[in-house]
Every structure is written in C-alpha cells, then in structure tokens.
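A quick write-up on the structure given underneath.
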Amino acid sequence: MTHDHKPMTHSLLLVGCGKMGGALLARWKTTFPNYRFDVIEPNSTQWHKNLGALPDNYTPGVIVFAVKPQQLDAILPAYCKRFGSHSPLYISIAAGKNLAFYADHLGAHAHVVRVMPNTPALVGQSMSVLSAADTLPASMRNTATQLMEAVGKVEWLDDESLMDAVTALSGSGPAYVFLFLDSLVKGGIAAGLPENIAKTLALQTVSGSLALAAGSHENLGQLRQNVTSPGGTTEAALKVLMSNNMLENMMKEAVLAATKRSKELL
C-alpha cells in the first residue's frame, strides 16, 4: 500500500519520548517535514507544568501516548480535560491497556487507536499491529496507518482481544530473536570460530534466511527441508533442536507466558 505521506492533520503531541517514542518521532520528522511536533515527558515531576506551558489555543490533531502502561491512570484525565472537546485522534503504544480502559479515562466517544509496535522501529523495520473501535472515522484510521507505516509494516486487527497475543509474538519477539542469535554465536565460538566471525556469520545467515522466507512461496517447513540433506550436517543439528519438539514447545510456552502477562497488565 502506498500513501502520499500527507496525514489528515497537521500537528502531533507525543507524550513520552523514551526509546520507542524517540524512534517514532525521528522517523515522523523525516517522513512528515511539514508537521508540527510537540513533546511532553511525563517521567518528569514537572510534566503538568509542561502541559500547561502549551499555548491555550493549541489543539493537536493527534496525541500519542508512548509511556509505561502504569503511568496512564495518572496522566490521561489531564489530557481528556484539556483536549477532549477537540476530539483528537489518540494513539497509544502501551501494552495491555484495552479500548475499554481508554473509554473510561478519555470518554466513551474518544477516538482511540491501540498500537503494538516493536523495537525494529529504531531502524524503520517495525511490525506494528493496530486496533480500534468500529466507530473510528476512516480518515483517522488512515492517519494512524500512515504514521505507523513510516516506521515499518502495519496490520490491523478487528478482534482487539488478540492484541495480547500480538504483544507476545511481535512485541516481545525481537528479544527471542536476539536470544537465538546470541545462542547461535556462542555455538559457533564453541565450535572454534572467533567471536567476530561467528557474529558476522550468524547475523547474515539470519538476515538472508528472513529475506528468503519473505520472498518464497514455499512454507517454512519446506524451506527447512530444502536445507536438510539426509545424513548431512543440518540433519544432525536438527535432531537436537527438534528432539521431542523441544524448541517448538518452548516457543509455544514462551509466547503463551507473554500473552498471559499482557492480560495481567490491564
């Protein structure tokens, strides 16, 4: 899908500018150079003063909450009071907080989009999953899509209850990949490779395999079999990794554990 990179509104207020908020802001400034961006850092004890320092006639079209989930209870009422009557588009990247939570704190008629991005947003390669009520205006849905496409790939979920599973798979997923990469590097070192060579081989092998999988019409199981010669080296390794479905079962347990924790965050 292509866009003309002209969101429906001209101004965005970013609440929270940590690693993820900062990554989003950097990409947005590049993609939407004619946009006005304002930032409030609610970690500061002075964040109420920061909000008060905004001009009285300031009415951002989009307000993005990029703060920890446990901060939202304290800060949302002030934004509802200040901007609610202007009906902005609220976008939240906080894990675990559902649309009902935002309706309670921002009003039943607030326009809210939940987004679960992941840290590859830092290099413009995020997987962002979005969810909103059916009543969200199409223009706002388009704006949310354009903003998140600026940092990577976008998918919309009709069933909001699946956002916990999204959080567990793609939200937390980069950590699983980094763990696998680290383990692969250590395996190479154990086999005698220098660390720098092992890391180069692991990074390029995973990167190349991802590109092959993304561009192939074959399923992942077939791609694995294509590398596996009977009685060869790959088969010897896979006998370890696939013994009693050990790796598959561990990944299922990991994703389910993260899903459970996401549900508890509400």
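In the structure tokens, chains take letters A, B, ... by order of appearance, with residues numbered from 1 within each chain and ligands from 1 in the order shown.
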Self-check item: Spatial neighbours of Asp38 in chain A, max dist 10 Å, only C-alpha atoms, sep filter under 3 positions, as JSON, numbers by chain
Solution: {"A": [11, 12, 13, 14, 15, 25, 35, 54, 60, 63]}
List every residue of range 52-126 of chain A that has an atom at most 6 Å from any atom of range 148-158 of chain A, and for each one report the closest atom pair and its distance in Å to one decimal, counting only C-alpha atoms, with rows sorted by chain and then by increasing residue number, as CSV.
```
residue,atom,partner,partner_atom,distance
A:Ala121,CA,A:Val151,CA,5.2
A:Gly124,CA,A:Val151,CA,4.2
A:Gln125,CA,A:Gly152,CA,4.4
A:Ser126,CA,A:Gly152,CA,4.4
```
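Here the question is which of A:Arg224, A:Arg261, A:His109, A:Lys199 gets nearest to Leu238 in chain A using only C-alpha atoms, and that residue is A:Arg224.
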Quiz item: If you run DSSP on the backbone, which residues of range 58-213 of chain A are helix (DSSP H, G or I), as JSON, numbers by chain?
Solution: {"A": [69, 70, 71, 72, 73, 74, 75, 76, 77, 78, 79, 80, 81, 82, 83, 84, 85, 86, 99, 100, 101, 102, 103, 104, 105, 106, 119, 120, 121, 122, 123, 138, 139, 140, 141, 142, 143, 144, 145, 146, 147, 148, 149, 160, 161, 162, 163, 164, 165, 166, 167, 168, 169, 170, 171, 173, 174, 175, 176, 177, 178, 179, 180, 181, 182, 183, 184, 185, 186, 187, 188, 189, 190, 195, 196, 197, 198, 199, 200, 201, 202, 203, 204, 205, 206, 207, 208, 209, 210, 211, 212, 213]}
Exercise. Would you please extract all strand (DSSP E) residues from range 16-261 of chain A, as assigned by DSSP on the backbone, and give them as a ChimeraX atom specification?
Key: /A:36-40,62-65,89-92,111-116,126-132,152-156
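The shortest atom-to-atom distance to Ala133 in chain A, with only C-alpha atoms taken into account, belongs to A:Asn98 out of A:Asn244, A:Asn34, A:Asn98, A:Gln71.
With only C-alpha atoms as the atoms that count, the residue of A:Ala165, A:Val39, A:Leu210, A:Leu51 with the shortest distance to Ala257 in chain A is A:Ala165.
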With 12 Å as the cut-off and only C-alpha atoms counted, what is the closest atom pair between each nearby residue of range 169-224 of chain A and range 72-96 of chain A? Distances in Å to one decimal, ordered by chain and number, as JSON lines.
```
{"residue": "A:Ser170", "atom": "CA", "partner": "A:Ala95", "partner_atom": "CA", "distance": 11.9}
{"residue": "A:Gly171", "atom": "CA", "partner": "A:Ala95", "partner_atom": "CA", "distance": 8.7}
{"residue": "A:Ser172", "atom": "CA", "partner": "A:Ala95", "partner_atom": "CA", "distance": 10.4}
```
Quiz prompt | Counting only C-alpha atoms, the residue of A:Ala190, A:Ile197, A:Phe178, A:Met163 that sits nearest Ala258 in chain A | solution = A:Met163
Practice problem: Find the spatial neighbours of Leu203 in chain A, counting only C-alpha atoms, within a cut-off of 12 Å - ignore same-chain residues fewer than 2 positions away - and output them as a VMD selection string. | Solution: chain A and resid 177 to 178 180 to 185 196 to 201 205 to 210
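CA of Ala144 in chain A to CA of Val64 in chain A spans 10.2 Å [interatomic distance, one decimal].
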